[in-house]
Amino acid sequence: MLQQKLGDKNGLVIWDYHVILIQKQTQKIDNHIHTKSYVFDYDTVLPWGMQFDDYFKLSHAFKKPNDTLKSWFHLIDTEVFIKNFASDRSHMKINGKFSHPPPDYPPIKGEQAAKDHNLFDFLDIENKQFGKWMQEDEIQKFFSARSI
């Protein structure tokens, strides 16, 4: 991804995973349906709450070094995420020590989470339990601004 705070001089970072919030708004005006989506990304240098189309163009505007590399997006409903996600922060440790200081809030455990750490269940592309997996063209189509 481009435009990332921890990136190289171009803001490029190759994440193994990255979490953002996308808010999709739909309005009916004069018998037309208008849809816009906004991205909230703590790790970007782009504006907070940027329109999805602009965010995606700027953050994904690079040629992948290999055509077989694919970006996958796990679309998870907010309520499902909050109720089911759990992180004891063990993924942030190397040899038992934090590789970077952890956040100052307590570890997260949703009320329906079956275990203390299930991050890798959310990252497993074979796991359809928490939401739908999409590729770049699908996620763009789903969140792009449009009027019908």
# chains A, B, ... in the order shown; residues from 1 in each chain; ligands from 1

call {"tool": "residues_around", "arguments": {"residues": "Lys109 (chain A)", "least_positions_apart": "2", "cutoff": "9 Å", "atoms": "only C-alpha atoms", "output": "ChimeraX atom specification"}}
result
/A:82-88,107,111-113,115-117

call {"tool": "residues_around", "arguments": {"residues": "region 20-24 of chain A", "least_positions_apart": "6", "cutoff": "10 Å", "atoms": "only C-alpha atoms", "output": "list of chain:residue names"}}
result
A:Thr35, A:Lys36, A:Ser37, A:Tyr38, A:Val39, A:Phe40, A:Asp41, A:Tyr42, A:Asp43, A:Thr44, A:Gly49, A:Met50, A:Gln51, A:Phe52, A:Leu75, A:Ile76, A:Asp77, A:Thr78, A:Phe142, A:Phe143, A:Ser144, A:Ala145

call {"tool": "write_last_selection", "arguments": {"atoms": "C-alpha atoms", "output": "PDB file, in the first residue's frame"}}
result
ATOM      1  CA  THR A  35     -23.944   5.967  -2.456  1.00  0.00           C
ATOM      2  CA  LYS A  36     -20.670   7.275  -1.047  1.00  0.00           C
ATOM      3  CA  SER A  37     -18.133   5.529   1.151  1.00  0.00           C
ATOM      4  CA  TYR A  38     -15.475   6.941   3.466  1.00  0.00           C
ATOM      5  CA  VAL A  39     -12.222   5.369   4.709  1.00  0.00           C
ATOM      6  CA  PHE A  40     -10.815   5.718   8.220  1.00  0.00           C
ATOM      7  CA  ASP A  41      -7.204   4.492   8.351  1.00  0.00           C
ATOM      8  CA  TYR A  42      -4.994   5.148  11.389  1.00  0.00           C
ATOM      9  CA  ASP A  43      -1.828   4.309   9.420  1.00  0.00           C
ATOM     10  CA  THR A  44      -2.202   6.552   6.377  1.00  0.00           C
ATOM     11  CA  GLY A  49     -12.525  10.037   6.508  1.00  0.00           C
ATOM     12  CA  MET A  50     -11.393  10.356   2.897  1.00  0.00           C
ATOM     13  CA  GLN A  51     -13.817   9.337   0.178  1.00  0.00           C
ATOM     14  CA  PHE A  52     -13.216   5.686  -0.764  1.00  0.00           C
ATOM     15  CA  LEU A  75     -15.375  -7.370   4.417  1.00  0.00           C
ATOM     16  CA  ILE A  76     -16.632  -7.761   7.994  1.00  0.00           C
ATOM     17  CA  ASP A  77     -19.726  -6.102   9.416  1.00  0.00           C
ATOM     18  CA  THR A  78     -18.919  -3.852  12.375  1.00  0.00           C
ATOM     19  CA  PHE A 142     -18.932  -2.431  -3.730  1.00  0.00           C
ATOM     20  CA  PHE A 143     -17.727   0.865  -2.175  1.00  0.00           C
ATOM     21  CA  SER A 144     -17.408   3.227  -5.169  1.00  0.00           C
ATOM     22  CA  ALA A 145     -19.601   6.329  -5.280  1.00  0.00           C
TER      23      ALA A 145
END

call {"tool": "closest_residue", "arguments": {"among": "A:Thr26, A:Gln140, A:Ser59, A:Asn31", "to": "Val13 (chain A)", "atoms": "only C-alpha atoms"}}
result
A:Ser59

call {"tool": "residues_around", "arguments": {"residues": "Ser90 (chain A)", "least_positions_apart": "5", "cutoff": "12 Å", "atoms": "only C-alpha atoms", "output": "number ranges by chain"}}
result
A: 95-100, 102, 107-108, 116-120

call {"tool": "write_last_selection", "arguments": {"atoms": "N, CA, C and O atoms", "output": "PDB file, in the first residue's frame"}}
result
ATOM      1  N   ASN A  95      10.099 -13.378  20.631  1.00  0.00           N
ATOM      2  CA  ASN A  95      10.802 -13.956  21.785  1.00  0.00           C
ATOM      3  C   ASN A  95      10.237 -13.439  23.107  1.00  0.00           C
ATOM      4  O   ASN A  95      10.979 -13.120  24.034  1.00  0.00           O
ATOM      5  N   GLY A  96       8.912 -13.314  23.165  1.00  0.00           N
ATOM      6  CA  GLY A  96       8.241 -12.926  24.393  1.00  0.00           C
ATOM      7  C   GLY A  96       8.236 -11.442  24.700  1.00  0.00           C
ATOM      8  O   GLY A  96       7.669 -11.010  25.703  1.00  0.00           O
ATOM      9  N   LYS A  97       8.861 -10.613  23.829  1.00  0.00           N
ATOM     10  CA  LYS A  97       8.912  -9.161  24.064  1.00  0.00           C
ATOM     11  C   LYS A  97       8.222  -8.433  22.914  1.00  0.00           C
ATOM     12  O   LYS A  97       8.329  -8.822  21.758  1.00  0.00           O
ATOM     13  N   PHE A  98       7.537  -7.337  23.257  1.00  0.00           N
ATOM     14  CA  PHE A  98       6.863  -6.554  22.238  1.00  0.00           C
ATOM     15  C   PHE A  98       7.873  -5.960  21.257  1.00  0.00           C
ATOM     16  O   PHE A  98       8.878  -5.385  21.677  1.00  0.00           O
ATOM     17  N   SER A  99       7.606  -6.099  19.971  1.00  0.00           N
ATOM     18  CA  SER A  99       8.486  -5.526  18.947  1.00  0.00           C
ATOM     19  C   SER A  99       8.302  -4.004  18.854  1.00  0.00           C
ATOM     20  O   SER A  99       9.209  -3.300  18.440  1.00  0.00           O
ATOM     21  N   HIS A 100       7.134  -3.531  19.230  1.00  0.00           N
ATOM     22  CA  HIS A 100       6.809  -2.101  19.336  1.00  0.00           C
ATOM     23  C   HIS A 100       5.940  -1.946  20.573  1.00  0.00           C
ATOM     24  O   HIS A 100       5.261  -2.889  20.969  1.00  0.00           O
ATOM     25  N   PRO A 102       2.922  -1.667  22.866  1.00  0.00           N
ATOM     26  CA  PRO A 102       1.513  -1.989  22.594  1.00  0.00           C
ATOM     27  C   PRO A 102       0.634  -0.765  22.856  1.00  0.00           C
ATOM     28  O   PRO A 102       1.044   0.181  23.523  1.00  0.00           O
ATOM     29  N   PRO A 107      -6.160  -5.424  26.084  1.00  0.00           N
ATOM     30  CA  PRO A 107      -6.403  -6.320  24.949  1.00  0.00           C
ATOM     31  C   PRO A 107      -7.900  -6.448  24.676  1.00  0.00           C
ATOM     32  O   PRO A 107      -8.730  -6.292  25.564  1.00  0.00           O
ATOM     33  N   ILE A 108      -8.226  -6.753  23.435  1.00  0.00           N
ATOM     34  CA  ILE A 108      -9.614  -6.804  22.972  1.00  0.00           C
ATOM     35  C   ILE A 108     -10.129  -8.239  23.027  1.00  0.00           C
ATOM     36  O   ILE A 108      -9.434  -9.168  22.612  1.00  0.00           O
ATOM     37  N   ASP A 116      -8.952 -16.314  23.334  1.00  0.00           N
ATOM     38  CA  ASP A 116      -8.345 -15.018  23.661  1.00  0.00           C
ATOM     39  C   ASP A 116      -7.664 -14.345  22.472  1.00  0.00           C
ATOM     40  O   ASP A 116      -7.411 -13.147  22.503  1.00  0.00           O
ATOM     41  N   HIS A 117      -7.326 -15.134  21.463  1.00  0.00           N
ATOM     42  CA  HIS A 117      -6.626 -14.581  20.297  1.00  0.00           C
ATOM     43  C   HIS A 117      -7.105 -15.299  19.041  1.00  0.00           C
ATOM     44  O   HIS A 117      -6.817 -16.473  18.853  1.00  0.00           O
ATOM     45  N   ASN A 118      -7.845 -14.587  18.200  1.00  0.00           N
ATOM     46  CA  ASN A 118      -8.353 -15.210  16.981  1.00  0.00           C
ATOM     47  C   ASN A 118      -8.037 -14.402  15.720  1.00  0.00           C
ATOM     48  O   ASN A 118      -8.682 -14.561  14.698  1.00  0.00           O
ATOM     49  N   LEU A 119      -7.030 -13.539  15.797  1.00  0.00           N
ATOM     50  CA  LEU A 119      -6.641 -12.728  14.650  1.00  0.00           C
ATOM     51  C   LEU A 119      -6.449 -13.584  13.405  1.00  0.00           C
ATOM     52  O   LEU A 119      -6.920 -13.255  12.328  1.00  0.00           O
ATOM     53  N   PHE A 120      -5.775 -14.719  13.558  1.00  0.00           N
ATOM     54  CA  PHE A 120      -5.458 -15.535  12.389  1.00  0.00           C
ATOM     55  C   PHE A 120      -6.696 -16.212  11.805  1.00  0.00           C
ATOM     56  O   PHE A 120      -6.721 -16.531  10.619  1.00  0.00           O
TER      57      PHE A 120
END

call {"tool": "select_by_dssp", "arguments": {"residues": "chain A", "states": "strand (DSSP E)", "output": "JSON, numbers by chain"}}
result
{"A": [21, 22, 23, 24, 25, 26, 27, 28, 29, 32, 33, 34, 35, 36, 37, 38, 39, 40, 50, 51, 72, 73, 74, 75, 86, 87, 93, 94, 97, 98, 108, 109, 132, 133, 134, 135, 146, 147]}

call {"tool": "write_last_selection", "arguments": {"atoms": "N, CA and C atoms", "output": "compact mmCIF listing (two decimals), in the first residue's frame"}}
result
# COMPACT_ATOMS: atom_id res chain seq x y z
N LEU A 21 -11.44 1.03 8.48
CA LEU A 21 -12.89 1.09 8.60
C LEU A 21 -13.41 1.81 7.36
N ILE A 22 -14.42 1.23 6.73
CA ILE A 22 -15.08 1.88 5.60
C ILE A 22 -16.55 2.07 5.96
N GLN A 23 -16.99 3.31 5.91
CA GLN A 23 -18.39 3.63 6.18
C GLN A 23 -19.09 3.88 4.85
N LYS A 24 -20.13 3.11 4.59
CA LYS A 24 -20.89 3.26 3.35
C LYS A 24 -22.20 3.97 3.67
N GLN A 25 -22.45 5.07 2.96
CA GLN A 25 -23.67 5.84 3.16
C GLN A 25 -24.52 5.79 1.90
N THR A 26 -25.80 5.51 2.08
CA THR A 26 -26.73 5.47 0.97
C THR A 26 -27.89 6.42 1.29
N GLN A 27 -28.20 7.29 0.33
CA GLN A 27 -29.30 8.24 0.50
C GLN A 27 -30.23 8.16 -0.71
N LYS A 28 -31.50 8.35 -0.46
CA LYS A 28 -32.47 8.45 -1.56
C LYS A 28 -32.87 9.91 -1.68
N ILE A 29 -32.58 10.50 -2.84
CA ILE A 29 -32.90 11.89 -3.10
C ILE A 29 -33.60 11.96 -4.45
N HIS A 32 -33.71 8.92 -6.62
CA HIS A 32 -32.41 8.39 -7.03
C HIS A 32 -31.65 7.95 -5.78
N ILE A 33 -30.94 6.85 -5.89
CA ILE A 33 -30.14 6.36 -4.77
C ILE A 33 -28.69 6.78 -5.00
N HIS A 34 -28.13 7.47 -4.01
CA HIS A 34 -26.75 7.95 -4.06
C HIS A 34 -25.94 7.23 -2.98
N THR A 35 -24.80 6.69 -3.39
CA THR A 35 -23.94 5.97 -2.46
C THR A 35 -22.55 6.59 -2.44
N LYS A 36 -22.05 6.82 -1.25
CA LYS A 36 -20.67 7.27 -1.05
C LYS A 36 -20.10 6.49 0.13
N SER A 37 -18.81 6.25 0.07
CA SER A 37 -18.13 5.53 1.15
C SER A 37 -16.91 6.32 1.59
N TYR A 38 -16.58 6.20 2.88
CA TYR A 38 -15.48 6.94 3.47
C TYR A 38 -14.55 5.98 4.21
N VAL A 39 -13.23 6.24 4.11
CA VAL A 39 -12.22 5.37 4.71
C VAL A 39 -11.59 6.05 5.92
N PHE A 40 -11.47 5.27 6.99
CA PHE A 40 -10.81 5.72 8.22
C PHE A 40 -9.64 4.77 8.46
N MET A 50 -11.50 10.04 4.32
CA MET A 50 -11.39 10.36 2.90
C MET A 50 -12.38 9.51 2.09
N GLN A 51 -12.90 10.08 1.02
CA GLN A 51 -13.82 9.34 0.18
C GLN A 51 -13.10 8.10 -0.39
N TRP A 72 -6.32 -9.21 -1.20
CA TRP A 72 -7.62 -9.69 -0.76
C TRP A 72 -8.14 -8.79 0.34
N PHE A 73 -9.45 -8.61 0.38
CA PHE A 73 -10.09 -7.76 1.36
C PHE A 73 -11.15 -8.57 2.08
N HIS A 74 -11.13 -8.53 3.40
CA HIS A 74 -12.11 -9.26 4.19
C HIS A 74 -13.14 -8.25 4.67
N LEU A 75 -14.29 -8.30 4.09
CA LEU A 75 -15.37 -7.37 4.42
C LEU A 75 -16.14 -7.94 5.60
N ALA A 86 -10.85 -11.07 18.90
CA ALA A 86 -10.09 -11.12 20.15
C ALA A 86 -8.59 -11.06 19.82
N SER A 87 -7.87 -10.25 20.56
CA SER A 87 -6.42 -10.17 20.41
C SER A 87 -5.77 -10.02 21.78
N LYS A 93 4.61 -9.83 19.57
CA LYS A 93 5.80 -10.17 20.36
C LYS A 93 6.77 -11.03 19.57
N ILE A 94 8.05 -10.79 19.83
CA ILE A 94 9.13 -11.61 19.30
C ILE A 94 9.95 -12.07 20.50
N LYS A 97 8.86 -10.61 23.83
CA LYS A 97 8.91 -9.16 24.06
C LYS A 97 8.22 -8.43 22.91
N PHE A 98 7.54 -7.34 23.26
CA PHE A 98 6.86 -6.55 22.24
C PHE A 98 7.87 -5.96 21.26
N ILE A 108 -8.23 -6.75 23.43
CA ILE A 108 -9.61 -6.80 22.97
C ILE A 108 -10.13 -8.24 23.03
N LYS A 109 -11.35 -8.41 23.53
CA LYS A 109 -12.01 -9.71 23.44
C LYS A 109 -13.50 -9.48 23.35
N LYS A 132 -17.24 -11.71 4.12
CA LYS A 132 -16.98 -12.06 2.73
C LYS A 132 -15.58 -11.60 2.31
N TRP A 133 -14.88 -12.45 1.57
CA TRP A 133 -13.58 -12.10 1.00
C TRP A 133 -13.78 -11.58 -0.41
N MET A 134 -13.10 -10.48 -0.74
CA MET A 134 -13.21 -9.86 -2.06
C MET A 134 -11.83 -9.52 -2.59
N GLN A 135 -11.70 -9.50 -3.92
CA GLN A 135 -10.49 -9.01 -4.55
C GLN A 135 -10.67 -7.53 -4.88
N ARG A 146 -21.72 6.18 -6.43
CA ARG A 146 -22.56 6.04 -7.62
C ARG A 146 -23.96 6.58 -7.33
N SER A 147 -24.64 6.84 -8.41
CA SER A 147 -26.05 7.27 -8.34
C SER A 147 -26.85 6.40 -9.28

call {"tool": "select_by_dssp", "arguments": {"residues": "region 19-72 of chain A", "states": "helix (DSSP H, G or I)", "output": "number ranges by chain"}}
result
A: 52-59

call {"tool": "write_last_selection", "arguments": {"atoms": "N, CA and C atoms", "output": "PDB file, in the first residue's frame"}}
result
ATOM      1  N   PHE A  52     -13.801   6.980  -0.388  1.00  0.00           N
ATOM      2  CA  PHE A  52     -13.216   5.686  -0.764  1.00  0.00           C
ATOM      3  C   PHE A  52     -12.525   5.730  -2.124  1.00  0.00           C
ATOM      4  N   ASP A  53     -13.184   6.275  -3.132  1.00  0.00           N
ATOM      5  CA  ASP A  53     -12.611   6.274  -4.485  1.00  0.00           C
ATOM      6  C   ASP A  53     -11.244   6.947  -4.510  1.00  0.00           C
ATOM      7  N   ASP A  54     -11.118   8.087  -3.845  1.00  0.00           N
ATOM      8  CA  ASP A  54      -9.840   8.809  -3.802  1.00  0.00           C
ATOM      9  C   ASP A  54      -8.807   8.034  -2.992  1.00  0.00           C
ATOM     10  N   TYR A  55      -9.209   7.521  -1.841  1.00  0.00           N
ATOM     11  CA  TYR A  55      -8.308   6.745  -0.992  1.00  0.00           C
ATOM     12  C   TYR A  55      -7.751   5.544  -1.755  1.00  0.00           C
ATOM     13  N   PHE A  56      -8.621   4.806  -2.420  1.00  0.00           N
ATOM     14  CA  PHE A  56      -8.198   3.583  -3.099  1.00  0.00           C
ATOM     15  C   PHE A  56      -7.244   3.906  -4.247  1.00  0.00           C
ATOM     16  N   LYS A  57      -7.546   4.939  -5.022  1.00  0.00           N
ATOM     17  CA  LYS A  57      -6.664   5.331  -6.133  1.00  0.00           C
ATOM     18  C   LYS A  57      -5.272   5.690  -5.624  1.00  0.00           C
ATOM     19  N   LEU A  58      -5.212   6.446  -4.536  1.00  0.00           N
ATOM     20  CA  LEU A  58      -3.923   6.904  -4.019  1.00  0.00           C
ATOM     21  C   LEU A  58      -3.164   5.816  -3.255  1.00  0.00           C
ATOM     22  N   SER A  59      -3.864   4.961  -2.558  1.00  0.00           N
ATOM     23  CA  SER A  59      -3.184   3.955  -1.735  1.00  0.00           C
ATOM     24  C   SER A  59      -2.846   2.676  -2.498  1.00  0.00           C
TER      25      SER A  59
END

call {"tool": "closest_residue", "arguments": {"among": "A:Gln3, A:His91, A:His18, A:Asp121", "to": "Ser71 (chain A)", "atoms": "only C-alpha atoms"}}
result
A:His18

call {"tool": "atom_distance", "arguments": {"atom1": "CA of Leu46 (chain A)", "atom2": "CA of Gln4 (chain A)"}}
result
8.1 Å

call {"tool": "atom_distance", "arguments": {"atom1": "CA of Pro106 (chain A)", "atom2": "CA of Met1 (chain A)"}}
result
28.3 Å

call {"tool": "atom_distance", "arguments": {"atom1": "CA of Asn66 (chain A)", "atom2": "CA of Met92 (chain A)"}}
result
28.4 Å
